[in-house]
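So the structure is just underneath, and the comments pick up after that.
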Amino acid sequence: MARWSMVIDLDKCVACQGCSIACRFENNTPIVSPEEAELGREMLWNEVFPLRAEEGDIASEQSRFLTRPCMHCENPPCVKVCPVQATFIGDEGIVHQNYARCIGCRFCTVACPYGVRYFNWYAPSWEEGLEQHLNPDRVMGNGDLEGPAIRPRGVVEKCTYCIHRLHKARARAEAEGREIRSGEYVPACVQTCTGKARFFGDLEDPNSIVSQLSQERRAFRLLEEAGTRPKTIYLEEG
Amino acid sequence: MMNETLSRRKFLRLSAGVMGSAAVMSTAPRLLNRLASDPQSAVWLETSTNERIVPTVCSMCPSGCGMLARIADGNLVKMEGSPMHPINVGALCPKGQAAPELLYNPDRLTGPMRRTGERGAGQWEPISWDEAIQTVADKLNELRQAGHPERAALLYGETRGQMRGFLKRFMEAVGSPNAVSHDSLNIEAAKLGIYLTQGIYDLPAYDLENSNYVLSFGASLLEAGRTPQRTVSGLSYMHRGRANRGKVVTFDPREGVSGAKSDEWISIKPGTDAALALAMCNVIIKTGRFDSDFVHNYAFGFQDFKDDDGKDHKGFKNFVLENFDPRRVEQITGVPATTISRIAGEFAGNRPSVAIVPAKGGLLNGGFGGVATAMAVHCLNALVGSLETPGGVQIQRYPDCPDWPELPADSAAEAGREAERIDGAGTVFPVGRYAYQAVADRALDGYPVEAMFLYDANPVYETPGGQKFIQAFEKIPFIVSFATFMDESAEYADLALPEPTFLERWQDDYIEGLGYPGVALRQPVLEPLHDTMNTGDFLLQVAQKMGGPVAQAMPWDSFEALLKDRLQNVGTDWETLTELGVWITPGYRFARRGSEKWINEVVGADRRRAPRDGRFDFFSRELSCILGDLSDDELAALNPGASGDALYLPHQEDVIYEGGEKEFPFVLNVVTLMSLGPHSYNANLPTLQEISGMVVGERWGSWVEMNPETAAELGLQNKQQVWVESPFGKVQTKLRLVKNIHRDVVALPHNQGHKAIGRWAKDRGVNGLEIMNPASELFTGLASFTNTRVKVYAA
């Protein structure tokens with residue numbers, strides 16, 4: 001069974017925000033009003049932001065930026081607190097979010113130490129005509145609704161590693177009677193990355209690019225001390 | 001592969017088996033755990049019933065990235081980077097990703113319109129395209145019959161490929177020399193810098209992939225610049241794509257993302273980049289680490305020399321040694337002499353190295369000082385022998401297109417074409433090729449303009465002090481805008497003739513920034529949404545309607561037919577080009593120094609008057625020829641920032657600021673952001689608005705950046721409202737304190753403060769260009785982006 005993982009090389013990332021917006025158009029995240037945005041309620045599953053300088057940093061130091069999708073933890077705190085199993089870790093390590101089951105209690109948004117869970121305070125809407133560009137893909141099941149499906153008001157959403165793309169790639173592979181190929185399934189942010197800073201693949205496969213990079217000296221995970229064991233792995237600058 | 005169909009039925013069939021198992025599961029007692037225990041088999045994918053992928057080219061910024069448009073059930077739902085396009089190789093920045101919001105934007109113009117009320121009052125009536133064509137053709141014929149076709153003028157913005165030549169040809173066929181590019185707002189300083197030294201009137205390409213060391217002067221390489229995506233790809237590869245890591249050093253008064261992502265960012269006093277580059281030349285010459293073969297055998301003016309009249313002239317070497325000692329330049333630039341020497345040593349010792357001549361953004365645009373700076377920076381390349389070497393600076397080559405057919409004999413047009421240009425380029429501005437923003441001043445000064453066309457041009461918004469265009473427009477009886485949105489300039493037009501977005505039209509684009517030739521094709525990814533017309537098609541129909549020699553000069557049935565005709569020799573057939581969207585001839589072929597190819601293509605080929613002898617000019621003979629025509633008084637009237645030989649050598653000019661330093665302590669820097677980019681209409685894409693201020697945590701508006709120490713002295717607080725006032729006006733916005741900005745500079749991001757365009761752009765934030773010096777530089781006609789001072793105080 002695959003264990004999907006993303007590696008982000010901060011040395012190659014140029015903070016262009018291509019990932020944020022590729023994600024928006026792939027996953028149908030709504031635009032919130034300027035007033036809501038001012039409250040920090042933008043629905044960008046993969047936000048890019050400047051890192052605030054720590055106390056004691058020397059003034060001449062260069063600025064740094066971080067790009068932050070869901071960490072898809074192996075030990076995800078959000079899953080533990082969800083009272084209805086709307087969020088759960090799948091067999092392939094992806095932390096799912098089932099909108100059909102979410103009751104909007106927001107325990108998960110509080111539990112997540114990375115702040116990558118987003119709550120729909122309002123019903124999403126797209127102004128006159130903009131709804132035409134919505135991605136028609138959705139992951140459906142009996143009592144299950146995931147992926148780019150439009151979320152109603154009152155549910156939590158988050159990065160899914162573009163799970164619908166996994167379904168697509170798998171369906172294609174099955175139709176052709178073969179295994180899914182390396183590189184056949186990548187999330188939208190990885191595909192669009194201008195600095196080619198993002199890598200995606202299977203951690204179980206020792207030859208995959210993510211396995212190789214995760215062994216690098218520069219590799220680290222956000223808030224490693226929290227014991228969440230993220231599968232989104234970063235490579236340090238420099 | 002290009003027309004992949006992924007049908008819903010197929011997916012349903014595929015998932016039928018697993019649905020069976022889901023049914024069994026549903027009888028299991030622990031229903032709640034079903035998904036958790038076996039999530040993969042219980043779900044399936046639904047998608048559209050009909051999909052296709054259409055390749056095209058982005059036009060949200062000048063990078064010109066290849067795109068693949070995903071059309072699902074007839075809707076454009078996603079843009080991806082084209083993996084075959086060499087500039088972006090599958091990548092796409094947020095502007096390109098947000099392109100569907102441009103296509104489906106509710107504020108687009110939906111059909112041709114004629115003004116009914118006062119200019120600017122916003123009263124319009126719909127007209128038919130036939131009527132529009134007839135009106136324009138009648139107007140142009142009227143001008144031709146009156147013997148004044150030169151009174152028609154066209155201002156155009158970002159366009160490459162056939163459209164640029166086509167617009168010029170159309171105007172020439174009518175009989176006007178007045179097709180004016182907006183280059184004087186951005187890349188012209190760099191182009192002239194290369195022209196006056198290397199003798200090539202174009203931006204060069206930089207072989208970043210093979211370079212070991214890159215110097216960037218105030219260019220905001222990764223955010224603005226000519227081809228940001230090209231630079232991002234190159235620098236990403238330099239850093240991590242190969243075994244030995246290259247180094248990037250950025251000099252800029254403002255760090256920005258480009259400085260942050262460089263290996264070293266060095267703050268510099270605004271307007272002093274030339275001195276810095278020349279101080280590095282000083283170190284390289286003093287330590288003897290220059291390319292001796294190049295400077296002695298393939299360059300002119302390195303050593304002192306005698307001219308034909310026996311007069312002694314100062315050469316670059318002694319000029320630089322005498323005037324640009326790093327310790328002296330430390331006083332000018334604020335960069336420590338030790339840093340200058342260290343960077344110079346690293347630059348010369350880690351070849352191949354390149355110094356990037358800034359082509360947009362930063363504080364180098366505008367002013368002859370800007371051109372002199374571009375020359376100085378390019379001399380660094382020459383000194384280390386980086387011209388036409390792997391890892392160095394290359395010539396941009398273009399696809400092989402046939403020459404445009406000879407224009408038919410047409411006495412009315414021929415006389416018109418000889419008239420003085422409306423922008424004064426080549427006359428009022430002796431060194432300039434275009435002076436876009438000066439068109440307003442010239443029209444107000446009495447240059448008669450009877451018909452004005454605006455193509456991708458919004459001068460009211462995008463030029464310093466652009467409000468002057470509103471007055472200039474009052475003098476022009478007939479104005480046509482081809483804008484896709486009702487922008488600030490279109491509001492004053494008589495006809496608004498909307499062009500479709502780049503996603504709905506035929507156009508080609510040359511690939512720029514890699515040296516080797518390539519062409520990419522824009523094609524309608526779906527049927528145009530509104531009653532729009534490609535401006536190329538419109539002008540072809542106008543020409544036919546005009547008849548006579550104008551019709552003869554423009555014989556193509558459609559712009560698509562013109563593209564087929566003109567792109568027949570690029571190396572592939574039309575079907576392949578439309579299927580792939582891009583065709584390149586990879587592999588840059590270097591010319592050997594002094595070879596015929598070198599002389600014909602690489603050094604000196606575009607010189608109009610100085611010898612095309614394959615020598616790089618440290619001492620600009622071309623400039624000396626141009627200025628040699630002027631009398632001493634005429635030259636003095638241009639207010640040169642240097643005298644004698646220094647004028648023709650790369651030199652440092654003191655910036656002449658509008659506004660005294662005491663009253664106006666800060667230099668105003670209007671910066672282009674990666675998010676909003678250069679095009680006015682980007683401001684009306686809500687997604688780009690939402691991410692626009694990522695660097696400081698702002699969104700949906702403007703802010704002004706200031707150094708926190710300076711703010712503390714002025715008693716100003718982060719996020720408070722302030723006035724930013726120059727001698728030309730004032731704007732109110734939010735103050736943001738940014739640690740990595742020079743204390744003498746405040747930065748105001750571009751592309752907010754629109755008064756038109758649409759619901760998301762209008763009345764949001766401020767436009768820094770409104771309070772900028774509206775004057776044009778006297779030598780070149782470049783816009784003055786660099787010499788406005790401001791004061792900042794609490795609102």
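Labels for the structure tokens follow display order: chains A, B, ..., residues from 1 in each chain, ligands from 1.
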(message) Let's see if you can do this: from backbone DSSP, list all alpha helix (DSSP H) residues in range 120-327 of chain B, as a PyMOL selection string.
(response) chain B and resi 129-145+162-174+188-198+228-236+256-260+273-286+292-297+316-323+326-327
Compile a residue-level contact table for chain B against chain A at a cut-off of 7 Å, reporting for every qualifying residue the shortest atom pair and its distance in Å to one decimal, with only C-alpha atoms counted, rows ordered by chain and ascending number, as JSON lines.
{"residue": "B:Phe11", "atom": "CA", "partner": "A:Ala171", "partner_atom": "CA", "distance": 6.8}
{"residue": "B:Leu14", "atom": "CA", "partner": "A:Ala171", "partner_atom": "CA", "distance": 6.8}
{"residue": "B:Ala36", "atom": "CA", "partner": "A:Phe88", "partner_atom": "CA", "distance": 6.3}
{"residue": "B:Pro39", "atom": "CA", "partner": "A:Gly90", "partner_atom": "CA", "distance": 6.4}
{"residue": "B:Ala42", "atom": "CA", "partner": "A:Gly141", "partner_atom": "CA", "distance": 5.9}
{"residue": "B:Val43", "atom": "CA", "partner": "A:Gly141", "partner_atom": "CA", "distance": 4.2}
{"residue": "B:Trp44", "atom": "CA", "partner": "A:Met140", "partner_atom": "CA", "distance": 5.4}
{"residue": "B:Leu45", "atom": "CA", "partner": "A:Val139", "partner_atom": "CA", "distance": 4.5}
{"residue": "B:Glu46", "atom": "CA", "partner": "A:Arg138", "partner_atom": "CA", "distance": 5.3}
{"residue": "B:Thr47", "atom": "CA", "partner": "A:Asp137", "partner_atom": "CA", "distance": 4.3}
{"residue": "B:Ser48", "atom": "CA", "partner": "A:Pro136", "partner_atom": "CA", "distance": 5.9}
{"residue": "B:Asn75", "atom": "CA", "partner": "A:Gln132", "partner_atom": "CA", "distance": 6.1}
{"residue": "B:Leu76", "atom": "CA", "partner": "A:His133", "partner_atom": "CA", "distance": 5.5}
{"residue": "B:Val77", "atom": "CA", "partner": "A:His133", "partner_atom": "CA", "distance": 4.2}
{"residue": "B:Lys78", "atom": "CA", "partner": "A:Phe25", "partner_atom": "CA", "distance": 6.2}
{"residue": "B:Glu80", "atom": "CA", "partner": "A:Thr192", "partner_atom": "CA", "distance": 6.6}
{"residue": "B:Gly81", "atom": "CA", "partner": "A:Thr192", "partner_atom": "CA", "distance": 6.4}
{"residue": "B:Gly90", "atom": "CA", "partner": "A:Thr192", "partner_atom": "CA", "distance": 6.5}
{"residue": "B:Ala91", "atom": "CA", "partner": "A:Thr192", "partner_atom": "CA", "distance": 4.2}
{"residue": "B:Leu92", "atom": "CA", "partner": "A:Thr192", "partner_atom": "CA", "distance": 5.0}
{"residue": "B:Cys93", "atom": "CA", "partner": "A:Gly18", "partner_atom": "CA", "distance": 4.3}
{"residue": "B:Pro94", "atom": "CA", "partner": "A:Gly18", "partner_atom": "CA", "distance": 4.1}
{"residue": "B:Gln97", "atom": "CA", "partner": "A:Ala22", "partner_atom": "CA", "distance": 5.6}
{"residue": "B:Ala98", "atom": "CA", "partner": "A:Ile21", "partner_atom": "CA", "distance": 6.7}
{"residue": "B:Pro100", "atom": "CA", "partner": "A:His133", "partner_atom": "CA", "distance": 6.2}
{"residue": "B:Glu101", "atom": "CA", "partner": "A:Leu130", "partner_atom": "CA", "distance": 6.4}
{"residue": "B:Tyr104", "atom": "CA", "partner": "A:Leu130", "partner_atom": "CA", "distance": 5.4}
{"residue": "B:Asn105", "atom": "CA", "partner": "A:Leu130", "partner_atom": "CA", "distance": 6.5}
{"residue": "B:Pro106", "atom": "CA", "partner": "A:Glu128", "partner_atom": "CA", "distance": 5.9}
{"residue": "B:Gln229", "atom": "CA", "partner": "A:Thr194", "partner_atom": "CA", "distance": 6.9}
{"residue": "B:Val232", "atom": "CA", "partner": "A:Gly195", "partner_atom": "CA", "distance": 5.8}
{"residue": "B:Ser233", "atom": "CA", "partner": "A:Gly195", "partner_atom": "CA", "distance": 5.8}
{"residue": "B:Ser236", "atom": "CA", "partner": "A:Lys12", "partner_atom": "CA", "distance": 5.1}
{"residue": "B:Arg240", "atom": "CA", "partner": "A:Lys12", "partner_atom": "CA", "distance": 6.9}
{"residue": "B:Ala260", "atom": "CA", "partner": "A:Ser63", "partner_atom": "CA", "distance": 5.1}
{"residue": "B:Lys261", "atom": "CA", "partner": "A:Val14", "partner_atom": "CA", "distance": 6.3}
{"residue": "B:Met674", "atom": "CA", "partner": "A:Cys16", "partner_atom": "CA", "distance": 6.4}
{"residue": "B:Thr687", "atom": "CA", "partner": "A:Ile31", "partner_atom": "CA", "distance": 6.6}
{"residue": "B:Met694", "atom": "CA", "partner": "A:Phe49", "partner_atom": "CA", "distance": 6.0}
{"residue": "B:Val695", "atom": "CA", "partner": "A:Pro50", "partner_atom": "CA", "distance": 6.2}
{"residue": "B:Trp700", "atom": "CA", "partner": "A:Pro34", "partner_atom": "CA", "distance": 6.2}
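Taking only C-alpha atoms, the non-local environment of Leu222 in chain B within 7 Å (same-chain residues fewer than 6 positions away omitted) comprises Pro228, Thr231, Val232 and Ser258 of chain B.
Using only C-alpha atoms, the protein and nucleic acid residues lying no more than 12 Å from range 109-111 of chain A, apart from those fewer than 2 places from it along its own chain, are Cys70, Pro76, Pro77, Cys78, Val79, Lys80, Val81, Cys82, Thr87, Gly104, Cys105, Arg106, Phe107, Pro113, Tyr114, Gly115, Val116, Arg117, Tyr118, Phe119, Asn120, Val155, Val156, Glu157, Lys158, Ala226 and Thr228 of chain A.
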So that I can see what lies close to range 597-608 of chain B, please list as a short mmCIF file (atom, residue, chain, number, x, y, z; two decimals) with C-alpha atoms, in the first residue's frame the residues with an atom at most 10 Å from it, counting only C-alpha atoms and leaving out residues fewer than 4 positions away in the same chain.
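New file out_6.cif:
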data_model
loop_
_atom_site.label_atom_id
_atom_site.label_comp_id
_atom_site.auth_asym_id
_atom_site.auth_seq_id
_atom_site.Cartn_x
_atom_site.Cartn_y
_atom_site.Cartn_z
CA ILE B 194 22.62 47.02 -24.48
CA TYR B 195 22.29 48.93 -27.75
CA LEU B 196 24.75 51.69 -26.83
CA THR B 197 27.38 49.18 -25.72
CA GLN B 198 26.92 45.88 -27.52
CA GLY B 199 25.14 47.38 -30.50
CA ILE B 200 22.14 45.07 -30.27
CA TYR B 201 18.75 46.69 -29.76
CA ASP B 202 17.13 43.96 -27.74
CA TYR B 298 36.84 42.69 -29.39
CA ALA B 299 36.04 45.91 -27.60
CA LEU B 387 29.32 37.76 -23.88
CA GLU B 388 28.32 34.84 -26.05
CA GLN B 394 23.37 35.45 -25.19
CA ILE B 395 21.59 37.16 -28.03
CA GLN B 396 17.88 36.46 -28.23
CA ARG B 397 17.16 34.79 -31.56
CA ARG B 589 24.63 28.30 -31.37
CA PHE B 590 27.46 30.42 -30.07
CA ALA B 591 29.43 32.63 -32.40
CA ARG B 592 33.22 32.59 -32.17
CA ARG B 593 34.68 35.96 -31.25
CA ARG B 612 29.48 47.45 -37.19
CA ASP B 613 32.93 46.10 -36.51
CA GLY B 614 32.09 43.45 -33.94
CA ARG B 615 33.58 45.51 -31.14
CA PHE B 616 31.80 46.00 -27.84
CA ASP B 617 31.76 49.69 -26.93
CA ARG B 621 30.45 55.42 -30.43
CA GLU B 622 26.78 55.16 -31.29
CA CYS B 625 27.28 59.80 -33.27
CA ILE B 626 23.75 60.57 -32.10
#
(request) Compile the contact shell of Tyr398 in chain B as a ChimeraX atom specification: residues with an atom at most 7 Å away, counting only C-alpha atoms, same-chain residues fewer than 2 positions apart removed. (result) /B:396,400,510,517-518
(message) What's the separation between CA of Glu36 in chain A and CA of Ala761 in chain B, in Å to one decimal place?
(response) 17.6 Å
(message) Please report the interatomic distance between CA of Phe664 in chain B and CA of Val790 in chain B in Å with one decimal.
(response) 4.6 Å
(request) For Ile266 in chain B, work out the shell of residues within 8 Å, counting only C-alpha atoms and skipping chain neighbours fewer than 6 positions away, then give it as number ranges by chain. (result) B: 249-253, 335
